[in-house]
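With PDB, C-alpha atoms inside, this is work19.pdb:
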```pdb
ATOM      1  CA  MET A   1       0.000   0.000   0.000
ATOM      2  CA  ASP A   2       1.366   3.375  -1.043
ATOM      3  CA  ASN A   3       2.112   5.318   2.149
ATOM      4  CA  THR A   4       0.445   8.462   0.826
ATOM      5  CA  HIS A   5      -2.916   6.673   0.833
ATOM      6  CA  LEU A   6      -2.489   5.990   4.544
ATOM      7  CA  ILE A   7      -1.593   9.617   5.221
ATOM      8  CA  PHE A   8      -4.625  10.973   3.357
ATOM      9  CA  MET A   9      -6.866   8.523   5.189
ATOM     10  CA  GLN A  10      -5.345   9.597   8.492
ATOM     11  CA  ARG A  11      -6.397  13.165   7.684
ATOM     12  CA  ALA A  12      -9.949  11.983   6.953
ATOM     13  CA  ILE A  13      -9.977  10.155  10.300
ATOM     14  CA  GLU A  14      -8.615  13.237  12.064
ATOM     15  CA  LEU A  15     -11.437  15.326  10.574
ATOM     16  CA  ALA A  16     -13.946  12.750  11.815
ATOM     17  CA  ARG A  17     -12.535  13.027  15.331
ATOM     18  CA  GLU A  18     -12.330  16.839  15.316
ATOM     19  CA  GLY A  19     -15.839  17.276  13.941
ATOM     20  CA  MET A  20     -17.226  14.933  16.579
ATOM     21  CA  HIS A  21     -15.409  16.630  19.457
ATOM     22  CA  ASN A  22     -16.372  20.084  18.187
ATOM     23  CA  GLY A  23     -20.025  19.060  18.242
ATOM     24  CA  HIS A  24     -20.497  19.492  14.497
ATOM     25  CA  GLY A  25     -22.095  16.105  13.909
ATOM     26  CA  GLY A  26     -21.352  12.397  13.635
ATOM     27  CA  PRO A  27     -17.850  10.866  13.576
ATOM     28  CA  PHE A  28     -17.194  11.029   9.848
ATOM     29  CA  GLY A  29     -14.490  12.777   7.818
ATOM     30  CA  CYS A  30     -13.466  12.892   4.181
ATOM     31  CA  VAL A  31     -10.815  14.433   1.945
ATOM     32  CA  VAL A  32     -10.677  14.813  -1.822
ATOM     33  CA  VAL A  33      -7.222  14.523  -3.374
ATOM     34  CA  LYS A  34      -6.064  15.604  -6.810
ATOM     35  CA  ASP A  35      -2.486  15.344  -8.094
ATOM     36  CA  ASN A  36      -1.407  14.100  -4.671
ATOM     37  CA  GLU A  37      -2.747  17.166  -2.865
ATOM     38  CA  ILE A  38      -5.796  17.592  -0.667
ATOM     39  CA  ILE A  39      -8.131  19.992  -2.452
ATOM     40  CA  ALA A  40     -11.109  19.703  -0.099
ATOM     41  CA  GLU A  41     -11.874  18.522   3.406
ATOM     42  CA  GLY A  42     -15.296  17.620   4.749
ATOM     43  CA  TRP A  43     -16.795  16.335   7.938
ATOM     44  CA  ASN A  44     -20.278  15.567   9.146
ATOM     45  CA  ARG A  45     -22.285  18.678  10.055
ATOM     46  CA  VAL A  46     -25.832  17.297  10.017
ATOM     47  CA  THR A  47     -26.893  18.273  13.516
ATOM     48  CA  SER A  48     -24.991  21.564  13.798
ATOM     49  CA  THR A  49     -26.201  22.991  10.471
ATOM     50  CA  ASN A  50     -29.650  21.339  10.330
ATOM     51  CA  ASP A  51     -28.746  19.782   7.011
ATOM     52  CA  PRO A  52     -29.458  16.053   6.694
ATOM     53  CA  THR A  53     -27.361  15.979   3.514
ATOM     54  CA  ALA A  54     -24.240  17.413   5.221
ATOM     55  CA  HIS A  55     -22.423  14.120   5.420
ATOM     56  CA  ALA A  56     -18.627  14.190   5.218
ATOM     57  CA  GLU A  57     -18.502  12.980   1.619
ATOM     58  CA  VAL A  58     -21.225  15.313   0.301
ATOM     59  CA  THR A  59     -19.574  18.254   2.058
ATOM     60  CA  ALA A  60     -16.130  17.413   0.665
ATOM     61  CA  ILE A  61     -17.442  16.735  -2.848
ATOM     62  CA  ARG A  62     -19.330  20.055  -2.963
ATOM     63  CA  LEU A  63     -16.246  21.963  -1.841
ATOM     64  CA  ALA A  64     -13.904  20.117  -4.205
ATOM     65  CA  CYS A  65     -16.178  20.749  -7.192
ATOM     66  CA  ASP A  66     -16.494  24.395  -6.244
ATOM     67  CA  LYS A  67     -12.690  24.709  -6.117
ATOM     68  CA  LEU A  68     -12.221  22.899  -9.423
ATOM     69  CA  GLY A  69     -15.020  24.869 -11.098
ATOM     70  CA  SER A  70     -16.459  21.581 -12.344
ATOM     71  CA  PHE A  71     -19.349  19.300 -11.476
ATOM     72  CA  GLN A  72     -17.061  16.335 -12.036
ATOM     73  CA  LEU A  73     -14.149  15.096  -9.918
ATOM     74  CA  ASP A  74     -12.014  14.005 -12.867
ATOM     75  CA  GLY A  75      -8.745  12.486 -11.712
ATOM     76  CA  CYS A  76      -9.654  12.813  -8.037
ATOM     77  CA  VAL A  77      -9.439  10.278  -5.230
ATOM     78  CA  ILE A  78     -11.808  10.317  -2.252
ATOM     79  CA  TYR A  79     -10.667   9.189   1.202
ATOM     80  CA  THR A  80     -13.549   8.732   3.618
ATOM     81  CA  SER A  81     -13.304   7.525   7.197
ATOM     82  CA  CYS A  82     -16.304   5.226   6.674
ATOM     83  CA  GLU A  83     -17.893   3.324   3.820
ATOM     84  CA  PRO A  84     -20.322   5.801   2.218
ATOM     85  CA  CYS A  85     -24.048   5.573   2.945
ATOM     86  CA  PRO A  86     -26.355   5.187  -0.073
ATOM     87  CA  MET A  87     -26.843   8.965  -0.367
ATOM     88  CA  CYS A  88     -23.090   9.577  -0.431
ATOM     89  CA  LEU A  89     -22.564   6.632  -2.747
ATOM     90  CA  GLY A  90     -24.998   8.262  -5.152
ATOM     91  CA  ALA A  91     -23.182  11.586  -4.798
ATOM     92  CA  ILE A  92     -19.876   9.853  -5.530
ATOM     93  CA  TYR A  93     -21.249   8.272  -8.691
ATOM     94  CA  TRP A  94     -22.607  11.609  -9.879
ATOM     95  CA  ALA A  95     -19.214  13.257  -9.164
ATOM     96  CA  ARG A  96     -17.268  10.418 -10.800
ATOM     97  CA  PRO A  97     -13.902  10.366  -8.966
ATOM     98  CA  GLU A  98     -11.274   7.830 -10.026
ATOM     99  CA  GLN A  99     -11.139   5.862  -6.819
ATOM    100  CA  VAL A 100     -12.415   5.721  -3.242
ATOM    101  CA  PHE A 101     -10.611   4.629  -0.080
ATOM    102  CA  TYR A 102     -12.624   3.981   3.080
ATOM    103  CA  GLY A 103     -11.733   3.207   6.722
ATOM    104  CA  CYS A 104     -14.646   1.761   8.695
ATOM    105  CA  ASP A 105     -17.110  -0.414   6.850
ATOM    106  CA  ARG A 106     -20.897  -0.575   7.101
ATOM    107  CA  GLN A 107     -20.720  -3.202   9.848
ATOM    108  CA  ASP A 108     -18.491  -0.938  11.965
ATOM    109  CA  ALA A 109     -21.064   1.836  11.429
ATOM    110  CA  ALA A 110     -23.978  -0.413  12.364
ATOM    111  CA  ASN A 111     -22.100  -1.294  15.564
ATOM    112  CA  ILE A 112     -22.413   2.331  16.720
ATOM    113  CA  ALA A 113     -26.048   2.641  15.589
ATOM    114  CA  PHE A 114     -25.466   4.166  12.142
ATOM    115  CA  ASP A 115     -27.247   1.411  10.332
ATOM    116  CA  ASP A 116     -27.533   2.147   6.620
ATOM    117  CA  GLN A 117     -29.076  -1.251   5.927
ATOM    118  CA  PHE A 118     -32.589   0.154   6.239
ATOM    119  CA  ILE A 119     -31.846   2.629   3.441
ATOM    120  CA  TYR A 120     -30.216  -0.050   1.273
ATOM    121  CA  ASP A 121     -33.330  -2.185   1.750
ATOM    122  CA  GLU A 122     -35.645   0.690   0.914
ATOM    123  CA  ILE A 123     -33.714   1.507  -2.271
ATOM    124  CA  ASP A 124     -34.098  -2.113  -3.339
ATOM    125  CA  ALA A 125     -37.772  -2.270  -2.382
ATOM    126  CA  HIS A 126     -40.345  -1.752  -5.126
ATOM    127  CA  ILE A 127     -41.429   1.879  -5.080
ATOM    128  CA  ASP A 128     -44.964   0.845  -4.057
ATOM    129  CA  ASP A 129     -43.662  -1.117  -1.054
ATOM    130  CA  ARG A 130     -41.587   1.459   0.778
ATOM    131  CA  GLN A 131     -41.849   2.493   4.429
ATOM    132  CA  ILE A 132     -42.204   6.107   3.285
ATOM    133  CA  PRO A 133     -45.154   6.010   0.853
ATOM    134  CA  PHE A 134     -44.282   6.970  -2.740
ATOM    135  CA  THR A 135     -47.178   7.884  -5.044
ATOM    136  CA  GLN A 136     -47.025   8.783  -8.730
ATOM    137  CA  ILE A 137     -49.236  11.663  -9.932
ATOM    138  CA  ASN A 138     -49.346  14.113 -12.905
ATOM    139  CA  GLN A 139     -47.047  11.849 -14.945
ATOM    140  CA  ALA A 140     -48.121  13.211 -18.350
ATOM    141  CA  GLU A 141     -47.506  16.836 -17.329
ATOM    142  CA  ALA A 142     -44.128  15.909 -15.883
ATOM    143  CA  VAL A 143     -43.085  13.953 -18.967
ATOM    144  CA  ALA A 144     -43.920  16.982 -21.126
ATOM    145  CA  VAL A 145     -40.995  18.832 -19.501
ATOM    146  CA  PHE A 146     -38.698  15.893 -20.214
ATOM    147  CA  LYS A 147     -39.702  16.102 -23.874
ATOM    148  CA  GLU A 148     -38.772  19.804 -23.875
ATOM    149  CA  TRP A 149     -35.370  18.882 -22.430
ATOM    150  CA  HIS A 150     -34.913  16.217 -25.085
ATOM    151  CA  GLN A 151     -35.597  18.780 -27.815
ATOM    152  CA  LYS A 152     -33.523  21.553 -26.242
ATOM    153  CA  THR A 153     -30.391  22.181 -28.263
ATOM    154  CA  ASP A 154     -28.444  24.523 -25.941
ATOM    155  CA  LYS A 155     -28.163  22.271 -22.900
ATOM    156  CA  THR A 156     -25.251  21.154 -20.739
ATOM    157  CA  GLU A 157     -25.471  17.426 -20.153
ATOM    158  CA  TYR A 158     -24.140  15.852 -16.986
TER     159      TYR A 158
ATOM    160  CA  MET E   1     -56.783  12.141  -5.468
ATOM    161  CA  ASP E   2     -56.881  15.265  -3.322
ATOM    162  CA  ASN E   3     -56.666  18.254  -5.680
ATOM    163  CA  THR E   4     -54.008  19.959  -3.528
ATOM    164  CA  HIS E   5     -51.575  17.138  -4.314
ATOM    165  CA  LEU E   6     -51.996  17.880  -8.005
ATOM    166  CA  ILE E   7     -51.434  21.608  -7.442
ATOM    167  CA  PHE E   8     -48.236  21.077  -5.439
ATOM    168  CA  MET E   9     -46.951  18.690  -8.088
ATOM    169  CA  GLN E  10     -47.751  21.234 -10.785
ATOM    170  CA  ARG E  11     -45.521  23.700  -8.958
ATOM    171  CA  ALA E  12     -42.696  21.113  -8.850
ATOM    172  CA  ILE E  13     -43.140  20.580 -12.599
ATOM    173  CA  GLU E  14     -43.153  24.343 -13.208
ATOM    174  CA  LEU E  15     -39.858  24.647 -11.296
ATOM    175  CA  ALA E  16     -38.406  21.863 -13.454
ATOM    176  CA  ARG E  17     -39.395  23.745 -16.603
ATOM    177  CA  GLU E  18     -38.173  27.143 -15.374
ATOM    178  CA  GLY E  19     -34.838  25.785 -14.140
ATOM    179  CA  MET E  20     -34.250  24.078 -17.460
ATOM    180  CA  HIS E  21     -35.138  27.137 -19.548
ATOM    181  CA  ASN E  22     -33.047  29.400 -17.306
ATOM    182  CA  GLY E  23     -30.030  27.152 -17.904
ATOM    183  CA  HIS E  24     -29.667  26.172 -14.270
ATOM    184  CA  GLY E  25     -29.464  22.439 -14.882
ATOM    185  CA  GLY E  26     -31.546  19.406 -15.765
ATOM    186  CA  PRO E  27     -35.370  19.342 -15.966
ATOM    187  CA  PHE E  28     -36.151  18.538 -12.351
ATOM    188  CA  GLY E  29     -38.138  20.419  -9.697
ATOM    189  CA  CYS E  30     -39.283  19.741  -6.164
ATOM    190  CA  VAL E  31     -41.312  21.349  -3.390
ATOM    191  CA  VAL E  32     -41.537  20.535   0.304
ATOM    192  CA  VAL E  33     -44.947  21.074   1.894
ATOM    193  CA  LYS E  34     -45.834  21.344   5.562
ATOM    194  CA  ASP E  35     -49.334  22.034   6.924
ATOM    195  CA  ASN E  36     -50.567  22.436   3.363
ATOM    196  CA  GLU E  37     -48.072  25.203   2.541
ATOM    197  CA  ILE E  38     -44.945  25.127   0.397
ATOM    198  CA  ILE E  39     -42.016  25.802   2.716
ATOM    199  CA  ALA E  40     -39.204  25.194   0.206
ATOM    200  CA  GLU E  41     -38.718  24.987  -3.540
ATOM    201  CA  GLY E  42     -35.791  23.363  -5.297
ATOM    202  CA  TRP E  43     -34.686  22.708  -8.832
ATOM    203  CA  ASN E  44     -31.661  21.141 -10.430
ATOM    204  CA  ARG E  45     -28.598  23.410 -10.436
ATOM    205  CA  VAL E  46     -25.824  20.884 -11.054
ATOM    206  CA  THR E  47     -24.250  22.448 -14.112
ATOM    207  CA  SER E  48     -24.781  26.116 -13.221
ATOM    208  CA  THR E  49     -23.337  25.856  -9.700
ATOM    209  CA  ASN E  50     -20.769  23.088 -10.303
ATOM    210  CA  ASP E  51     -22.398  21.000  -7.595
ATOM    211  CA  PRO E  52     -23.124  17.387  -8.533
ATOM    212  CA  THR E  53     -25.305  17.092  -5.415
ATOM    213  CA  ALA E  54     -27.541  20.033  -6.370
ATOM    214  CA  HIS E  55     -30.443  17.894  -7.514
ATOM    215  CA  ALA E  56     -33.956  19.299  -7.063
ATOM    216  CA  GLU E  57     -34.742  17.138  -4.032
ATOM    217  CA  VAL E  58     -31.437  17.750  -2.211
ATOM    218  CA  THR E  59     -31.771  21.494  -2.831
ATOM    219  CA  ALA E  60     -35.372  21.586  -1.567
ATOM    220  CA  ILE E  61     -34.613  19.389   1.465
ATOM    221  CA  ARG E  62     -31.656  21.550   2.503
ATOM    222  CA  LEU E  63     -33.728  24.717   2.243
ATOM    223  CA  ALA E  64     -36.734  23.215   4.045
ATOM    224  CA  CYS E  65     -34.583  21.982   6.932
ATOM    225  CA  ASP E  66     -32.876  25.340   7.169
ATOM    226  CA  LYS E  67     -36.263  27.063   7.375
ATOM    227  CA  LEU E  68     -37.569  24.608   9.966
ATOM    228  CA  GLY E  69     -34.348  24.745  11.998
ATOM    229  CA  SER E  70     -34.338  20.960  12.059
ATOM    230  CA  PHE E  71     -32.438  18.187  10.333
ATOM    231  CA  GLN E  72     -35.691  16.248  10.042
ATOM    232  CA  LEU E  73     -38.710  16.929   7.836
ATOM    233  CA  ASP E  74     -41.278  15.838  10.403
ATOM    234  CA  GLY E  75     -44.793  16.078   9.044
ATOM    235  CA  CYS E  76     -43.611  17.205   5.614
ATOM    236  CA  VAL E  77     -44.567  15.956   2.177
ATOM    237  CA  ILE E  78     -42.186  16.060  -0.801
ATOM    238  CA  TYR E  79     -43.440  16.601  -4.349
ATOM    239  CA  THR E  80     -40.783  15.911  -6.962
ATOM    240  CA  SER E  81     -41.235  16.079 -10.719
ATOM    241  CA  CYS E  82     -39.325  12.797 -11.136
ATOM    242  CA  GLU E  83     -38.734   9.638  -9.141
ATOM    243  CA  PRO E  84     -35.669  10.392  -6.984
ATOM    244  CA  CYS E  85     -32.263   9.054  -7.988
ATOM    245  CA  PRO E  86     -30.445   6.892  -5.400
ATOM    246  CA  MET E  87     -28.619   9.926  -3.938
ATOM    247  CA  CYS E  88     -31.878  11.823  -3.463
ATOM    248  CA  LEU E  89     -33.601   8.711  -2.172
ATOM    249  CA  GLY E  90     -30.887   8.457   0.478
ATOM    250  CA  ALA E  91     -31.322  12.152   1.308
ATOM    251  CA  ILE E  92     -35.081  11.622   1.656
ATOM    252  CA  TYR E  93     -34.587   8.735   4.051
ATOM    253  CA  TRP E  94     -32.163  10.778   6.165
ATOM    254  CA  ALA E  95     -34.655  13.683   6.213
ATOM    255  CA  ARG E  96     -37.629  11.404   6.982
ATOM    256  CA  PRO E  97     -40.631  13.188   5.445
ATOM    257  CA  GLU E  98     -44.066  11.612   5.799
ATOM    258  CA  GLN E  99     -44.716  10.974   2.160
ATOM    259  CA  VAL E 100     -43.365  11.506  -1.360
ATOM    260  CA  PHE E 101     -45.250  12.223  -4.587
ATOM    261  CA  TYR E 102     -43.427  11.929  -7.907
ATOM    262  CA  GLY E 103     -44.304  12.738 -11.520
ATOM    263  CA  CYS E 104     -42.011  11.042 -14.057
ATOM    264  CA  ASP E 105     -40.646   7.637 -13.148
ATOM    265  CA  ARG E 106     -37.183   6.176 -13.674
ATOM    266  CA  GLN E 107     -38.148   4.828 -17.107
ATOM    267  CA  ASP E 108     -39.235   8.295 -18.253
ATOM    268  CA  ALA E 109     -35.873   9.588 -17.012
ATOM    269  CA  ALA E 110     -33.935   6.850 -18.803
ATOM    270  CA  ASN E 111     -35.791   7.792 -22.004
ATOM    271  CA  ILE E 112     -34.090  11.221 -21.957
ATOM    272  CA  ALA E 113     -30.685   9.772 -21.007
ATOM    273  CA  PHE E 114     -30.881  10.228 -17.229
ATOM    274  CA  ASP E 115     -30.352   6.582 -16.496
ATOM    275  CA  ASP E 116     -30.051   5.942 -12.774
ATOM    276  CA  GLN E 117     -29.925   2.181 -13.301
ATOM    277  CA  PHE E 118     -26.121   2.202 -13.353
ATOM    278  CA  ILE E 119     -26.072   3.765  -9.869
ATOM    279  CA  TYR E 120     -28.713   1.341  -8.579
ATOM    280  CA  ASP E 121     -26.589  -1.530  -9.908
ATOM    281  CA  GLU E 122     -23.422  -0.148  -8.332
ATOM    282  CA  ILE E 123     -25.119   0.267  -4.941
ATOM    283  CA  ASP E 124     -26.167  -3.374  -5.108
ATOM    284  CA  ALA E 125     -22.754  -4.575  -6.298
ATOM    285  CA  HIS E 126     -20.354  -5.936  -3.702
ATOM    286  CA  ILE E 127     -18.000  -3.154  -2.663
ATOM    287  CA  ASP E 128     -15.049  -5.034  -4.185
ATOM    288  CA  ASP E 129     -16.783  -5.312  -7.550
ATOM    289  CA  ARG E 130     -17.647  -1.716  -8.334
ATOM    290  CA  GLN E 131     -16.791   0.259 -11.493
ATOM    291  CA  ILE E 132     -15.200   2.910  -9.284
ATOM    292  CA  PRO E 133     -12.647   0.960  -7.194
ATOM    293  CA  PHE E 134     -13.340   0.987  -3.432
ATOM    294  CA  THR E 135     -10.463  -0.021  -1.143
ATOM    295  CA  GLN E 136     -10.496  -0.357   2.638
ATOM    296  CA  ILE E 137      -7.460   0.962   4.559
ATOM    297  CA  ASN E 138      -6.646   2.114   8.141
ATOM    298  CA  GLN E 139      -9.727   0.336   9.489
ATOM    299  CA  ALA E 140      -8.448   0.045  13.071
ATOM    300  CA  GLU E 141      -7.604   3.759  13.291
ATOM    301  CA  ALA E 142     -10.986   4.654  11.841
ATOM    302  CA  VAL E 143     -12.867   2.350  14.203
ATOM    303  CA  ALA E 144     -11.115   4.006  17.167
ATOM    304  CA  VAL E 145     -13.047   7.220  16.407
ATOM    305  CA  PHE E 146     -16.301   5.264  16.300
ATOM    306  CA  LYS E 147     -15.532   3.927  19.752
ATOM    307  CA  GLU E 148     -15.006   7.481  20.990
ATOM    308  CA  TRP E 149     -18.408   8.392  19.549
ATOM    309  CA  HIS E 150     -19.998   5.406  21.236
ATOM    310  CA  GLN E 151     -18.589   6.530  24.584
ATOM    311  CA  LYS E 152     -19.369  10.220  24.110
ATOM    312  CA  THR E 153     -22.188  11.276  26.429
ATOM    313  CA  ASP E 154     -22.984  14.777  25.078
ATOM    314  CA  LYS E 155     -23.876  13.881  21.528
ATOM    315  CA  THR E 156     -26.860  14.672  19.307
ATOM    316  CA  GLU E 157     -27.985  11.519  17.555
ATOM    317  CA  TYR E 158     -29.622  11.675  14.152
TER     318      TYR E 158
END
```

Translate this structure into structure tokens?
Amino acid sequence: MDNTHLIFMQRAIELAREGMHNGHGGPFGCVVVKDNEIIAEGWNRVTSTNDPTAHAEVTAIRLACDKLGSFQLDGCVIYTSCEPCPMCLGAIYWARPEQVFYGCDRQDAANIAFDDQFIYDEIDAHIDDRQIPFTQINQAEAVAVFKEWHQKTDKTEY
Amino acid sequence: MDNTHLIFMQRAIELAREGMHNGHGGPFGCVVVKDNEIIAEGWNRVTSTNDPTAHAEVTAIRLACDKLGSFQLDGCVIYTSCEPCPMCLGAIYWARPEQVFYGCDRQDAANIAFDDQFIYDEIDAHIDDRQIPFTQINQAEAVAVFKEWHQKTDKTEY
């Protein structure tokens, strides 16, 4: 294992610890690295900022993209102190970094009552069988906007 | 179907159309409703703000939570012009609204080249078998922070 990977992960772990002790949120930290340099640091701030999406990875990805002036993390590596939850996993796939390193895994997280399994199960459940009810309405009106997008010529795809 | 549901969804669809025509991002809109009033509106701003997480639902959830001063959407209903992608689905489960209404479904989205199936497949794939490589390192150091969290007495759980 390249020693630099360990050092970047240690920084992610340090951010997890600092954020927790500073009362910002849960014990999670993340760094985004490009060309062997940290370009963004993130840590969980859910409870201190009243933002359920302020997980370490989402926070770091948003900052890294802002710094790069791009909605894509081309050539970047993410180091996160814990295996990403489904939301962060989705964010990672939308941001498209090259690689991800993680410290704790989902079992370690479940052991301290951060159990993502419920969300994994709900994502896999049929949309009509979820614990939060999902109901489709106004489909034709909504699809009309998609057709306008399809026909739009001056659009930025992502 | 209660007519108010249709009206709130029409607003979500209108936001999708406006955001698209204003060049903010893809054709997606969302509103969060509490006590029969819209408390937050969101639309896709990925490409205009260089934020891959700025989907309509994430944007609306962040704003709604900020307004409520809570990291939970207790008693709220989300109206989104399209079935949420896995990232937004995760965000919804972390925010815990009462109910979700959606307009287009994932097949409608795939028809205009917003195909979330790849992300669904990657979430289901074993972590060692993903298209973006995921590698576990420094697990023991990372778990040490989790143990500190477990022992911490003055924490806000979420």

**Asked** Do you know which residues are at most 12 Å from Arg45 in chain E counting only C-alpha atoms, after dropping those on the same chain fewer than 5 positions away, and could you put them as a PyMOL selection string?
**Response** (chain A and resi 71+156-158) or (chain E and resi 15-16+18-29+50-60)

**Prompt:** Which polymer residues have any atom within 8 Å of an atom of Val33 in chain A, counting all atoms listed in the file, with same-chain residues fewer than 4 positions away left out, as number ranges by chain?
**Reply:** A: 37-40, 76-79

**Request:** For chain A, work out the contacting residues on chain E at 6 Å, counting all atoms listed in the file, and write them as a count of residues only.
**Result:** 35

**One-decimal distance in Å that lies between CA of Gln117 in chain A and CA of Trp43 in chain E** =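 Separation of CA of Trp43 in chain E and CA of Gln117 in chain A: 28.7 Å.
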
**Request:** Kindly give the distance, in Å, that separates CA of Lys34 in chain E and CA of Thr4 in chain E, rounded to a single decimal.
**Result:**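 Those two atoms sit 12.3 Å apart.
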
**Prompt:** Suppose you want the space between CA of Cys30 in chain A and CA of Pro84 in chain A; what is it in Å?
**Reply:** 10.1 Å

Write out as AutoDock Vina command-line options an axis-aligned box for range 35-53 of chain A: all of its atoms listed in the file, 6 Å added on each side, centre and edge lengths in Å with one decimal.
```
--center_x -15.5 --center_y 18.5 --center_z 2.9 --size_x 40.2 --size_y 20.9 --size_z 33.9
```

Output of range 94-107 of chain A limited to N, CA, C and O atoms, as a PDB file, in the first residue's frame:
```pdb
ATOM      1  N   TRP A  94     -22.338  10.417  -9.072  1.00  0.00           N
ATOM      2  CA  TRP A  94     -22.607  11.609  -9.879  1.00  0.00           C
ATOM      3  C   TRP A  94     -21.334  12.432 -10.070  1.00  0.00           C
ATOM      4  O   TRP A  94     -21.147  13.069 -11.107  1.00  0.00           O
ATOM      5  N   ALA A  95     -20.435  12.440  -9.081  1.00  0.00           N
ATOM      6  CA  ALA A  95     -19.214  13.257  -9.164  1.00  0.00           C
ATOM      7  C   ALA A  95     -18.101  12.555  -9.945  1.00  0.00           C
ATOM      8  O   ALA A  95     -17.195  13.203 -10.455  1.00  0.00           O
ATOM      9  N   ARG A  96     -18.180  11.241  -9.989  1.00  0.00           N
ATOM     10  CA  ARG A  96     -17.268  10.418 -10.800  1.00  0.00           C
ATOM     11  C   ARG A  96     -15.771  10.612 -10.501  1.00  0.00           C
ATOM     12  O   ARG A  96     -14.988  10.946 -11.406  1.00  0.00           O
ATOM     13  N   PRO A  97     -15.348  10.388  -9.249  1.00  0.00           N
ATOM     14  CA  PRO A  97     -13.902  10.366  -8.966  1.00  0.00           C
ATOM     15  C   PRO A  97     -13.298   9.075  -9.527  1.00  0.00           C
ATOM     16  O   PRO A  97     -14.036   8.178  -9.946  1.00  0.00           O
ATOM     17  N   GLU A  98     -11.966   9.021  -9.497  1.00  0.00           N
ATOM     18  CA  GLU A  98     -11.274   7.830 -10.026  1.00  0.00           C
ATOM     19  C   GLU A  98     -11.349   6.644  -9.084  1.00  0.00           C
ATOM     20  O   GLU A  98     -11.372   5.488  -9.501  1.00  0.00           O
ATOM     21  N   GLN A  99     -11.306   6.937  -7.789  1.00  0.00           N
ATOM     22  CA  GLN A  99     -11.139   5.862  -6.819  1.00  0.00           C
ATOM     23  C   GLN A  99     -11.611   6.337  -5.451  1.00  0.00           C
ATOM     24  O   GLN A  99     -11.641   7.544  -5.179  1.00  0.00           O
ATOM     25  N   VAL A 100     -11.971   5.400  -4.597  1.00  0.00           N
ATOM     26  CA  VAL A 100     -12.415   5.721  -3.242  1.00  0.00           C
ATOM     27  C   VAL A 100     -11.691   4.806  -2.253  1.00  0.00           C
ATOM     28  O   VAL A 100     -11.629   3.591  -2.461  1.00  0.00           O
ATOM     29  N   PHE A 101     -11.137   5.398  -1.204  1.00  0.00           N
ATOM     30  CA  PHE A 101     -10.611   4.629  -0.080  1.00  0.00           C
ATOM     31  C   PHE A 101     -11.516   4.880   1.121  1.00  0.00           C
ATOM     32  O   PHE A 101     -11.964   6.006   1.328  1.00  0.00           O
ATOM     33  N   TYR A 102     -11.769   3.830   1.900  1.00  0.00           N
ATOM     34  CA  TYR A 102     -12.624   3.981   3.080  1.00  0.00           C
ATOM     35  C   TYR A 102     -11.992   3.272   4.272  1.00  0.00           C
ATOM     36  O   TYR A 102     -11.222   2.319   4.115  1.00  0.00           O
ATOM     37  N   GLY A 103     -12.302   3.770   5.488  1.00  0.00           N
ATOM     38  CA  GLY A 103     -11.733   3.207   6.722  1.00  0.00           C
ATOM     39  C   GLY A 103     -12.682   2.182   7.336  1.00  0.00           C
ATOM     40  O   GLY A 103     -12.561   0.984   7.103  1.00  0.00           O
ATOM     41  N   CYS A 104     -13.630   2.662   8.131  1.00  0.00           N
ATOM     42  CA  CYS A 104     -14.646   1.761   8.695  1.00  0.00           C
ATOM     43  C   CYS A 104     -15.537   1.234   7.580  1.00  0.00           C
ATOM     44  O   CYS A 104     -15.705   1.888   6.552  1.00  0.00           O
ATOM     45  N   ASP A 105     -16.133   0.081   7.816  1.00  0.00           N
ATOM     46  CA  ASP A 105     -17.110  -0.414   6.850  1.00  0.00           C
ATOM     47  C   ASP A 105     -18.515  -0.337   7.446  1.00  0.00           C
ATOM     48  O   ASP A 105     -18.716   0.122   8.566  1.00  0.00           O
ATOM     49  N   ARG A 106     -19.497  -0.758   6.677  1.00  0.00           N
ATOM     50  CA  ARG A 106     -20.897  -0.575   7.101  1.00  0.00           C
ATOM     51  C   ARG A 106     -21.210  -1.354   8.384  1.00  0.00           C
ATOM     52  O   ARG A 106     -22.068  -0.935   9.158  1.00  0.00           O
ATOM     53  N   GLN A 107     -20.496  -2.444   8.611  1.00  0.00           N
ATOM     54  CA  GLN A 107     -20.720  -3.202   9.848  1.00  0.00           C
ATOM     55  C   GLN A 107     -20.200  -2.409  11.052  1.00  0.00           C
ATOM     56  O   GLN A 107     -20.851  -2.362  12.102  1.00  0.00           O
TER      57      GLN A 107
END
```
